>>> print(open('input13.cif').read())   # mmCIF, C-alpha atoms
data_model
#
loop_
_atom_site.group_PDB
_atom_site.id
_atom_site.type_symbol
_atom_site.label_atom_id
_atom_site.label_comp_id
_atom_site.auth_asym_id
_atom_site.auth_seq_id
_atom_site.Cartn_x
_atom_site.Cartn_y
_atom_site.Cartn_z
ATOM 1 C CA MET A 168 39.541 3.877 -30.566
ATOM 2 C CA SER A 169 40.852 0.783 -28.837
ATOM 3 C CA GLU A 170 38.830 -2.403 -28.742
ATOM 4 C CA ALA A 171 38.474 -2.101 -24.956
ATOM 5 C CA ASN A 172 36.864 1.322 -25.299
ATOM 6 C CA ALA A 173 34.729 0.574 -28.343
ATOM 7 C CA VAL A 174 31.140 1.732 -28.043
ATOM 8 C CA ALA A 175 28.273 0.116 -29.926
ATOM 9 C CA PRO A 176 25.506 2.253 -31.486
ATOM 10 C CA ASN A 177 23.292 1.559 -28.447
ATOM 11 C CA GLY A 178 25.996 2.862 -26.094
ATOM 12 C CA VAL A 179 27.178 -0.559 -24.896
ATOM 13 C CA ARG A 180 30.938 -0.720 -24.363
ATOM 14 C CA ALA A 181 33.175 -3.731 -24.713
ATOM 15 C CA GLY A 182 33.234 -5.431 -21.322
ATOM 16 C CA ASP A 183 29.760 -4.247 -20.273
ATOM 17 C CA ASN A 184 27.431 -6.776 -18.667
ATOM 18 C CA VAL A 185 24.024 -5.459 -19.682
ATOM 19 C CA ARG A 186 21.951 -8.261 -18.150
ATOM 20 C CA ARG A 187 23.618 -7.890 -14.781
ATOM 21 C CA GLY A 188 23.287 -4.121 -15.003
ATOM 22 C CA ILE A 189 19.553 -4.402 -15.654
ATOM 23 C CA LEU A 190 19.152 -6.863 -12.777
ATOM 24 C CA LEU A 191 21.027 -4.581 -10.376
ATOM 25 C CA SER A 192 18.999 -1.546 -11.453
ATOM 26 C CA VAL A 193 15.722 -3.382 -10.816
ATOM 27 C CA VAL A 194 16.967 -4.535 -7.393
ATOM 28 C CA ALA A 195 17.973 -0.927 -6.670
ATOM 29 C CA VAL A 196 14.446 0.239 -7.479
ATOM 30 C CA VAL A 197 13.055 -2.410 -5.108
ATOM 31 C CA VAL A 198 15.392 -1.342 -2.290
ATOM 32 C CA LEU A 199 14.656 2.377 -2.789
ATOM 33 C CA GLY A 200 10.919 1.597 -2.771
ATOM 34 C CA ILE A 201 11.354 -0.010 0.650
ATOM 35 C CA GLN A 202 13.187 3.137 1.708
ATOM 36 C CA ASP A 203 10.136 5.208 0.719
ATOM 37 C CA ALA A 204 7.787 2.908 2.642
ATOM 38 C CA VAL A 205 9.951 3.182 5.769
ATOM 39 C CA SER A 206 10.059 6.972 5.368
ATOM 40 C CA LYS A 207 6.276 7.075 5.155
ATOM 41 C CA ILE A 208 5.997 5.091 8.398
ATOM 42 C CA LEU A 209 8.452 7.358 10.223
ATOM 43 C CA VAL A 210 6.929 10.685 9.128
ATOM 44 C CA GLN A 211 3.613 9.703 10.701
ATOM 45 C CA ASP A 212 5.211 10.166 14.156
ATOM 46 C CA TYR A 213 8.255 12.351 13.542
ATOM 47 C CA SER A 214 8.993 15.540 11.632
ATOM 48 C CA SER A 215 9.737 15.095 7.951
ATOM 49 C CA PHE A 216 12.802 17.309 8.435
ATOM 50 C CA GLN A 217 14.123 15.048 11.174
ATOM 51 C CA VAL A 218 13.628 11.954 9.032
ATOM 52 C CA VAL A 219 15.319 13.632 6.059
ATOM 53 C CA MET A 220 18.269 14.654 8.234
ATOM 54 C CA ILE A 221 18.824 11.061 9.353
ATOM 55 C CA ARG A 222 18.407 9.810 5.783
ATOM 56 C CA TYR A 223 20.829 12.389 4.435
ATOM 57 C CA TRP A 224 23.525 11.457 6.935
ATOM 58 C CA ALA A 225 23.779 8.134 5.123
ATOM 59 C CA PHE A 226 23.571 9.682 1.645
ATOM 60 C CA ALA A 227 26.232 12.297 2.450
ATOM 61 C CA ALA A 228 28.526 9.647 3.915
ATOM 62 C CA LEU A 229 28.166 7.571 0.739
ATOM 63 C CA SER A 230 28.721 10.567 -1.555
ATOM 64 C CA LEU A 231 31.810 11.747 0.315
ATOM 65 C CA PHE A 232 33.248 8.236 0.531
ATOM 66 C CA LEU A 233 32.915 7.684 -3.213
ATOM 67 C CA ALA A 234 34.206 11.161 -4.030
ATOM 68 C CA LEU A 235 37.259 10.825 -1.782
ATOM 69 C CA ARG A 236 38.156 7.586 -3.537
ATOM 70 C CA GLN A 237 38.586 9.640 -6.707
ATOM 71 C CA ALA A 238 40.317 12.746 -5.362
ATOM 72 C CA PRO A 239 41.421 14.406 -2.086
ATOM 73 C CA LEU A 240 38.796 16.657 -0.514
ATOM 74 C CA ARG A 241 40.733 19.868 -1.159
ATOM 75 C CA HIS A 242 40.932 19.012 -4.854
ATOM 76 C CA ALA A 243 37.310 17.884 -5.123
ATOM 77 C CA LEU A 244 36.103 21.180 -3.625
ATOM 78 C CA LYS A 245 37.816 23.162 -6.397
ATOM 79 C CA SER A 246 35.039 23.890 -8.855
ATOM 80 C CA LYS A 247 34.940 26.039 -11.963
ATOM 81 C CA VAL A 248 31.258 26.736 -11.259
ATOM 82 C CA PRO A 249 30.912 26.762 -7.439
ATOM 83 C CA LEU A 250 27.618 28.662 -7.461
ATOM 84 C CA LEU A 251 25.973 26.142 -9.784
ATOM 85 C CA GLN A 252 27.382 23.278 -7.724
ATOM 86 C CA THR A 253 25.999 24.819 -4.540
ATOM 87 C CA LEU A 254 22.646 25.363 -6.229
ATOM 88 C CA ARG A 255 22.601 21.675 -7.191
ATOM 89 C CA GLY A 256 23.031 20.748 -3.547
ATOM 90 C CA VAL A 257 20.221 23.091 -2.501
ATOM 91 C CA LEU A 258 17.907 21.750 -5.205
ATOM 92 C CA LEU A 259 18.511 18.108 -4.262
ATOM 93 C CA MET A 260 17.870 18.996 -0.629
ATOM 94 C CA ALA A 261 14.649 20.792 -1.610
ATOM 95 C CA ASP A 262 13.583 17.746 -3.628
ATOM 96 C CA ILE A 263 14.087 15.397 -0.674
ATOM 97 C CA TRP A 264 12.390 17.765 1.789
ATOM 98 C CA LEU A 265 9.361 18.241 -0.458
ATOM 99 C CA TYR A 266 9.133 14.508 -1.145
ATOM 100 C CA ALA A 267 9.229 13.750 2.588
ATOM 101 C CA LEU A 268 6.480 16.310 3.233
ATOM 102 C CA ALA A 269 4.329 14.861 0.452
ATOM 103 C CA ILE A 270 4.753 11.273 1.592
ATOM 104 C CA ARG A 271 2.956 12.020 4.869
ATOM 105 C CA THR A 272 -0.483 11.812 3.235
ATOM 106 C CA VAL A 273 -0.067 11.074 -0.487
ATOM 107 C CA PRO A 274 -0.279 7.290 -1.086
ATOM 108 C CA LEU A 275 2.943 5.697 -2.329
ATOM 109 C CA ALA A 276 1.430 4.601 -5.637
ATOM 110 C CA GLU A 277 0.144 8.046 -6.567
ATOM 111 C CA LEU A 278 3.308 9.707 -5.275
ATOM 112 C CA GLN A 279 5.475 7.476 -7.469
ATOM 113 C CA ALA A 280 3.294 8.285 -10.468
ATOM 114 C CA ILE A 281 3.513 12.044 -9.913
ATOM 115 C CA SER A 282 7.282 11.811 -9.363
ATOM 116 C CA LEU A 283 7.722 10.143 -12.753
ATOM 117 C CA VAL A 284 6.929 13.408 -14.537
ATOM 118 C CA TYR A 285 10.490 14.567 -13.824
ATOM 119 C CA PRO A 286 12.010 13.190 -17.089
ATOM 120 C CA LEU A 287 9.367 15.171 -18.966
ATOM 121 C CA LEU A 288 10.254 18.307 -17.023
ATOM 122 C CA VAL A 289 13.943 17.769 -17.784
ATOM 123 C CA THR A 290 13.123 17.647 -21.484
ATOM 124 C CA LEU A 291 11.535 21.106 -21.234
ATOM 125 C CA LEU A 292 14.255 22.551 -18.982
ATOM 126 C CA ALA A 293 16.965 21.394 -21.389
ATOM 127 C CA VAL A 294 15.832 24.097 -23.821
ATOM 128 C CA PRO A 295 16.515 27.228 -21.701
ATOM 129 C CA LEU A 296 19.239 25.790 -19.439
ATOM 130 C CA LEU A 297 21.231 23.670 -21.893
ATOM 131 C CA GLY A 298 20.309 25.263 -25.195
ATOM 132 C CA GLU A 299 19.014 21.966 -26.582
ATOM 133 C CA ARG A 300 16.377 21.755 -29.288
ATOM 134 C CA VAL A 301 13.179 19.855 -28.593
ATOM 135 C CA GLY A 302 11.073 18.887 -31.595
ATOM 136 C CA PRO A 303 7.278 18.926 -31.772
ATOM 137 C CA PHE A 304 7.018 15.149 -31.323
ATOM 138 C CA ARG A 305 8.697 15.250 -27.931
ATOM 139 C CA LEU A 306 6.762 18.356 -26.927
ATOM 140 C CA ILE A 307 3.513 16.522 -27.648
ATOM 141 C CA ALA A 308 4.713 13.541 -25.588
ATOM 142 C CA VAL A 309 5.550 15.872 -22.698
ATOM 143 C CA GLY A 310 2.102 17.473 -22.910
ATOM 144 C CA VAL A 311 0.438 14.062 -22.882
ATOM 145 C CA GLY A 312 2.468 13.098 -19.818
ATOM 146 C CA PHE A 313 1.318 16.191 -17.958
ATOM 147 C CA LEU A 314 -2.267 15.325 -18.851
ATOM 148 C CA GLY A 315 -1.663 11.981 -17.156
ATOM 149 C CA ALA A 316 -0.658 13.835 -13.989
ATOM 150 C CA LEU A 317 -3.848 15.907 -14.186
ATOM 151 C CA VAL A 318 -5.856 12.685 -14.407
ATOM 152 C CA ILE A 319 -4.373 11.576 -11.087
ATOM 153 C CA VAL A 320 -5.322 14.849 -9.323
ATOM 154 C CA ARG A 321 -8.675 15.143 -11.114
ATOM 155 C CA PRO A 322 -11.853 16.037 -9.169
ATOM 156 C CA GLY A 323 -12.571 12.966 -7.114
ATOM 157 C CA GLY A 324 -8.969 11.779 -7.338
ATOM 158 C CA LEU A 325 -6.200 13.020 -5.065
ATOM 159 C CA PRO A 326 -7.242 16.099 -3.081
ATOM 160 C CA ILE A 327 -5.351 19.093 -4.451
ATOM 161 C CA ASP A 328 -3.814 20.106 -1.138
ATOM 162 C CA ALA A 329 -0.404 21.243 0.058
ATOM 163 C CA ASP A 330 1.032 17.717 0.086
ATOM 164 C CA VAL A 331 0.171 17.131 -3.583
ATOM 165 C CA MET A 332 1.783 20.477 -4.386
ATOM 166 C CA PHE A 333 4.841 19.314 -2.444
ATOM 167 C CA ALA A 334 4.966 16.204 -4.655
ATOM 168 C CA LEU A 335 4.866 18.294 -7.822
ATOM 169 C CA GLY A 336 7.443 20.699 -6.392
ATOM 170 C CA SER A 337 9.700 17.760 -5.571
ATOM 171 C CA ALA A 338 9.576 16.537 -9.169
ATOM 172 C CA LEU A 339 10.378 20.042 -10.439
ATOM 173 C CA ALA A 340 13.310 20.503 -8.041
ATOM 174 C CA TYR A 341 14.756 17.149 -9.043
ATOM 175 C CA ALA A 342 14.342 17.939 -12.744
ATOM 176 C CA VAL A 343 16.262 21.214 -12.371
ATOM 177 C CA TYR A 344 18.899 19.381 -10.325
ATOM 178 C CA ILE A 345 19.427 16.791 -13.069
ATOM 179 C CA THR A 346 19.581 19.451 -15.769
ATOM 180 C CA LEU A 347 22.194 21.444 -13.842
ATOM 181 C CA THR A 348 24.128 18.228 -13.169
ATOM 182 C CA ARG A 349 24.362 17.756 -16.914
ATOM 183 C CA LYS A 350 25.468 21.374 -17.301
ATOM 184 C CA VAL A 351 28.263 21.231 -14.694
ATOM 185 C CA SER A 352 29.517 17.854 -15.930
ATOM 186 C CA SER A 353 31.353 19.648 -18.738
ATOM 187 C CA GLN A 354 33.130 21.894 -16.213
ATOM 188 C CA ASP A 355 33.890 19.746 -13.165
ATOM 189 C CA PRO A 356 34.789 16.090 -12.528
ATOM 190 C CA THR A 357 32.275 13.719 -10.978
ATOM 191 C CA ALA A 358 34.083 13.800 -7.628
ATOM 192 C CA THR A 359 33.490 17.544 -7.336
ATOM 193 C CA SER A 360 29.789 17.194 -8.103
ATOM 194 C CA MET A 361 29.434 14.446 -5.505
ATOM 195 C CA VAL A 362 31.300 16.387 -2.809
ATOM 196 C CA TYR A 363 29.173 19.505 -3.267
ATOM 197 C CA VAL A 364 25.944 17.512 -3.104
ATOM 198 C CA GLY A 365 27.131 15.692 0.001
ATOM 199 C CA VAL A 366 28.447 18.730 1.892
ATOM 200 C CA VAL A 367 25.672 21.199 1.012
ATOM 201 C CA GLY A 368 22.930 18.667 1.725
ATOM 202 C CA LEU A 369 24.521 17.559 4.973
ATOM 203 C CA LEU A 370 24.775 21.132 6.248
ATOM 204 C CA LEU A 371 21.247 22.110 5.190
ATOM 205 C CA SER A 372 19.512 18.944 6.364
ATOM 206 C CA SER A 373 21.251 19.044 9.747
ATOM 207 C CA ALA A 374 20.680 22.772 10.285
ATOM 208 C CA VAL A 375 16.939 22.411 9.700
ATOM 209 C CA GLY A 376 16.467 18.880 11.031
ATOM 210 C CA ILE A 377 18.017 19.596 14.420
ATOM 211 C CA LEU A 378 15.381 22.307 15.004
ATOM 212 C CA HIS A 379 12.638 19.667 14.606
ATOM 213 C CA TRP A 380 14.308 16.950 16.640
ATOM 214 C CA GLN A 381 12.077 14.686 18.719
ATOM 215 C CA PRO A 382 13.366 11.876 20.950
ATOM 216 C CA MET A 383 13.024 8.544 19.132
ATOM 217 C CA ASP A 384 12.118 5.210 20.689
ATOM 218 C CA LEU A 385 13.807 1.879 19.878
ATOM 219 C CA ARG A 386 11.327 1.046 17.083
ATOM 220 C CA ALA A 387 11.959 4.405 15.426
ATOM 221 C CA TRP A 388 15.741 3.997 15.606
ATOM 222 C CA LEU A 389 15.508 0.524 14.088
ATOM 223 C CA LEU A 390 13.423 1.948 11.250
ATOM 224 C CA ALA A 391 15.946 4.788 10.877
ATOM 225 C CA ILE A 392 18.752 2.234 10.535
ATOM 226 C CA VAL A 393 16.745 0.422 7.852
ATOM 227 C CA LEU A 394 16.231 3.793 6.156
ATOM 228 C CA MET A 395 19.954 4.533 6.053
ATOM 229 C CA VAL A 396 20.889 1.022 4.948
ATOM 230 C CA THR A 397 18.348 0.994 2.110
ATOM 231 C CA MET A 398 19.495 4.480 1.040
ATOM 232 C CA CYS A 399 23.143 3.420 0.726
ATOM 233 C CA THR A 400 22.338 -0.008 -0.696
ATOM 234 C CA GLY A 401 19.931 1.289 -3.329
ATOM 235 C CA HIS A 402 22.263 3.987 -4.615
ATOM 236 C CA GLY A 403 25.258 1.682 -4.426
ATOM 237 C CA LEU A 404 23.460 -0.920 -6.542
ATOM 238 C CA MET A 405 22.455 1.709 -9.087
ATOM 239 C CA MET A 406 26.035 2.949 -9.382
ATOM 240 C CA MET A 407 27.187 -0.627 -9.953
ATOM 241 C CA ALA A 408 24.480 -1.051 -12.584
ATOM 242 C CA LEU A 409 25.587 2.125 -14.382
ATOM 243 C CA SER A 410 29.135 0.789 -14.478
ATOM 244 C CA MET A 411 27.889 -2.313 -16.317
ATOM 245 C CA ALA A 412 25.365 -0.873 -18.785
ATOM 246 C CA PRO A 413 24.561 2.509 -20.414
ATOM 247 C CA ALA A 414 22.147 4.797 -18.566
ATOM 248 C CA SER A 415 19.996 4.982 -21.704
ATOM 249 C CA LEU A 416 19.359 1.222 -21.497
ATOM 250 C CA LEU A 417 18.759 1.191 -17.739
ATOM 251 C CA GLN A 418 16.501 4.232 -17.460
ATOM 252 C CA PRO A 419 13.286 2.545 -18.707
ATOM 253 C CA PHE A 420 13.591 -0.003 -15.905
ATOM 254 C CA SER A 421 13.283 2.794 -13.351
ATOM 255 C CA TYR A 422 9.589 2.839 -14.242
ATOM 256 C CA PHE A 423 9.339 -0.448 -12.361
ATOM 257 C CA SER A 424 9.083 1.845 -9.324
ATOM 258 C CA LEU A 425 5.423 2.411 -10.217
ATOM 259 C CA PRO A 426 4.108 -1.194 -9.978
ATOM 260 C CA TRP A 427 6.414 -1.729 -7.006
ATOM 261 C CA GLY A 428 5.002 1.404 -5.351
ATOM 262 C CA ILE A 429 1.472 0.152 -6.002
ATOM 263 C CA THR A 430 2.368 -3.187 -4.402
ATOM 264 C CA LEU A 431 3.995 -1.635 -1.323
ATOM 265 C CA SER A 432 1.139 0.830 -0.930
ATOM 266 C CA PHE A 433 -1.357 -2.050 -0.768
ATOM 267 C CA VAL A 434 0.697 -4.537 1.271
ATOM 268 C CA VAL A 435 2.086 -2.093 3.857
ATOM 269 C CA PHE A 436 -0.608 0.594 4.038
ATOM 270 C CA GLY A 437 -3.712 -1.135 2.664
ATOM 271 C CA HIS A 438 -4.183 1.450 -0.101
ATOM 272 C CA LEU A 439 -5.069 0.363 -3.636
ATOM 273 C CA ILE A 440 -4.732 2.868 -6.461
ATOM 274 C CA ASP A 441 -8.012 3.505 -8.274
ATOM 275 C CA PRO A 442 -8.329 2.503 -11.955
ATOM 276 C CA ILE A 443 -8.506 6.065 -13.307
ATOM 277 C CA SER A 444 -5.380 7.126 -11.403
ATOM 278 C CA LEU A 445 -3.688 3.987 -12.684
ATOM 279 C CA LEU A 446 -4.598 5.053 -16.223
ATOM 280 C CA GLY A 447 -3.059 8.478 -15.573
ATOM 281 C CA ALA A 448 0.088 6.818 -14.269
ATOM 282 C CA ALA A 449 0.276 4.628 -17.381
ATOM 283 C CA VAL A 450 -0.003 7.741 -19.566
ATOM 284 C CA ILE A 451 2.916 9.370 -17.702
ATOM 285 C CA VAL A 452 5.066 6.261 -18.080
ATOM 286 C CA GLY A 453 4.190 5.914 -21.761
ATOM 287 C CA ALA A 454 5.020 9.554 -22.469
ATOM 288 C CA GLY A 455 8.314 9.231 -20.610
ATOM 289 C CA LEU A 456 9.301 6.154 -22.583
ATOM 290 C CA VAL A 457 8.455 7.916 -25.855
ATOM 291 C CA VAL A 458 10.635 10.894 -24.891
ATOM 292 C CA MET A 459 13.511 8.566 -23.977
ATOM 293 C CA ALA A 460 13.199 6.698 -27.251
ATOM 294 C CA ARG A 461 13.327 9.936 -29.234
ATOM 295 C CA GLU A 462 16.354 11.146 -27.269
ATOM 296 C CA ARG A 463 18.170 7.865 -27.919
ATOM 297 C CA ARG A 464 17.486 8.214 -31.643
ATOM 298 C CA ARG A 465 18.784 11.777 -31.513
ATOM 299 C CA SER A 466 22.066 10.766 -29.901
ATOM 300 C CA THR A 467 23.047 7.133 -29.465
ATOM 301 C CA HIS A 468 26.423 7.908 -27.882
ATOM 302 C CA LYS A 469 25.575 10.723 -25.471
ATOM 303 C CA PRO A 470 22.660 10.211 -23.042
ATOM 304 C CA GLY A 471 20.135 12.987 -22.839
ATOM 305 C CA PRO A 472 19.734 14.906 -19.560
ATOM 306 C CA ALA A 473 16.604 12.964 -18.692
ATOM 307 C CA GLU A 474 18.535 9.735 -18.499
ATOM 308 C CA ALA A 475 21.888 10.880 -17.217
ATOM 309 C CA LEU A 476 21.566 9.786 -13.613
ATOM 310 C CA GLY A 477 19.348 6.732 -13.589
ATOM 311 C CA PRO A 478 16.273 6.557 -11.358
ATOM 312 C CA ARG A 479 15.142 9.244 -9.041
ATOM 313 C CA GLU A 480 16.698 9.773 -5.626
#
>>> encode(input="input13.cif", output="structure tokens")
Amino acid sequence: MSEANAVAPNGVRAGDNVRRGILLSVVAVVVLGIQDAVSKILVQDYSSFQVVMIRYWAFAALSLFLALRQAPLRHALKSKVPLLQTLRGVLLMADIWLYALAIRTVPLAELQAISLVYPLLVTLLAVPLLGERVGPFRLIAVGVGFLGALVIVRPGGLPIDADVMFALGSALAYAVYITLTRKVSSQDPTATSMVYVGVVGLLLSSAVGILHWQPMDLRAWLLAIVLMVTMCTGHGLMMMALSMAPASLLQPFSYFSLPWGITLSFVVFGHLIDPISLLGAAVIVGAGLVVMARERRRSTHKPGPAEALGPRE
């Protein structure tokens, strides 16, 4: 192995800039948190499907732009596993739809906490879908994390209604999406995965969103522009961060989305998470960090599926 490609035991390559990567990943989390706050404002007056369609226009444009820089479209569309690639696109679209439906009534802080169960779900899904082995220690950590989620939706906590179920469904859809992304990565290049996600999501979001279209006033369009800009900026920053530092080192910083979500929820919407729900959120974060630590010990050179893509969309 050449010196330029040398990889340290913690996954750091020669030429990486870990500090800058960490800084960019934290800034990305901040920007994507603002995106969520803007989405929550918009879905109070407009259909969640309309808001998602507008948001996905920006995401699809970014995905296709980055993919076309790597390969021509006709080449990128050639997949060895087209059905799995299409399913990935459907799952990511389902995740974003469900998240947008949940954000209508679920406070940002609690929604962020529930969403953070996805790395735990990926750990479980890696067994049947990837054939990976999960030891008892990680299984216990996953179980503890799910208990944290139950604390948040306990009697007297969040009302167990359709929107909370949407939040849980969103986390599950995203977990399956990440697991399948790991699976197809051994068959297709990154450009192909990005093109399928962009094209499938663009078609689905537009086909459904146009049916729920409502005329938007100037304020709504300005917010929509902010939504698209924060979407592209946040994901662009995260991609830059991943080019400078290993995903396994950056992933724990994605949990900064929780205190940032708590802050935005209070400052923008006047909602303060209650202490017991905060405890449940801390349990989820702790369990996720334990699972990540065990996965890093298991393989220092190859990131586990729970940390392959950085923070949640």
>>> closest_residue(input="input13.cif", among="A:Leu456, A:Met395, A:Ile440, A:Ala342", to="Tyr223 of chain A", atoms="only C-alpha atoms")
A:Met395
>>> residues_around(input="input13.cif", residues="Gly401 of chain A", least_positions_apart="2", cutoff="7 Å", atoms="all atoms listed in the file", output="JSON, numbers by chain")
{"A": [195, 196, 198, 199, 397, 398, 399, 403, 404, 405]}
>>> residues_around(input="input13.cif", residues="segment 331-340 of chain A", least_positions_apart="2", cutoff="6 Å", atoms="all atoms listed in the file", output="number ranges by chain")
A: 258, 262, 265-266, 269, 282, 285, 327-329, 342-343
>>> write_last_selection(input="input13.cif", atoms="C-alpha atoms", output="compact mmCIF listing (two decimals), keeping the file's coordinate frame")
# COMPACT_ATOMS: atom_id res chain seq x y z
CA LEU A 258 17.91 21.75 -5.20
CA ASP A 262 13.58 17.75 -3.63
CA LEU A 265 9.36 18.24 -0.46
CA TYR A 266 9.13 14.51 -1.14
CA ALA A 269 4.33 14.86 0.45
CA SER A 282 7.28 11.81 -9.36
CA TYR A 285 10.49 14.57 -13.82
CA ILE A 327 -5.35 19.09 -4.45
CA ASP A 328 -3.81 20.11 -1.14
CA ALA A 329 -0.40 21.24 0.06
CA ALA A 342 14.34 17.94 -12.74
CA VAL A 343 16.26 21.21 -12.37
>>> closest_residue(input="input13.cif", among="A:Leu209, A:Leu191, A:Asn184, A:Leu259", to="Leu389 of chain A", atoms="only C-alpha atoms")
A:Leu209
>>> residues_around(input="input13.cif", residues="Ile429 of chain A", least_positions_apart="6", cutoff="9 Å", atoms="only C-alpha atoms", output="count of residues only")
8
>>> residues_around(input="input13.cif", residues="segment 295-302 of chain A", least_positions_apart="3", cutoff="10 Å", atoms="all atoms listed in the file", output="ChimeraX atom specification")
/A:289-292,305-307,343,346-347,349-350,461-462,471-472
>>> atom_distance(input="input13.cif", atom1="atom CA of Val294 of chain A", atom2="atom CA of Val248 of chain A")
20.1 Å
>>> closest_residue(input="input13.cif", among="A:Val364, A:Val193, A:Ala460, A:Ile208", to="Arg386 of chain A", atoms="all atoms listed in the file")
A:Ile208
>>> resolve_selection(input="input13.cif", expression="the PyMOL selection byres ((chain A and resi 315-318) around 7)", output="list of chain:residue names")
A:Ile281, A:Val311, A:Gly312, A:Phe313, A:Leu314, A:Ile319, A:Val320, A:Arg321, A:Ser444, A:Gly447, A:Ala448, A:Val450, A:Ile451
>>> residues_around(input="input13.cif", residues="Phe420 of chain A", least_positions_apart="2", cutoff="8 Å", atoms="only C-alpha atoms", output="list in words")
Ile189, Ser192, Val193, Leu417, Gln418, Tyr422 and Phe423 of chain A
>>> resolve_selection(input="input13.cif", expression="the PyMOL selection byres ((chain A and resi 210) around 10)", output="PyMOL selection string")
chain A and resi 205-209+211-219+267-272
>>> closest_residue(input="input13.cif", among="A:Val309, A:Ala293, A:Ile345, A:Ala261", to="Val375 of chain A", atoms="only C-alpha atoms")
A:Ala261
>>> atom_distance(input="input13.cif", atom1="atom CA of Ser230 of chain A", atom2="atom CA of Leu390 of chain A")
21.7 Å
>>> atom_distance(input="input13.cif", atom1="atom CA of Gly365 of chain A", atom2="atom CA of Ala227 of chain A")
4.3 Å
>>> axis_aligned_box(input="input13.cif", around="segment 345-356 of chain A", padding_each_side="6 Å", output="AutoDock Vina command-line options")
--center_x 27.1 --center_y 19.0 --center_z -15.6 --size_x 27.4 --size_y 17.8 --size_z 18.2
>>> closest_residue(input="input13.cif", among="A:Ile443, A:Lys245, A:Thr348, A:Arg236", to="Leu325 of chain A", atoms="only C-alpha atoms")
A:Ile443
>>> closest_residue(input="input13.cif", among="A:Leu446, A:Ala234, A:Val434, A:Val452", to="Ile201 of chain A", atoms="all atoms listed in the file")
A:Val434
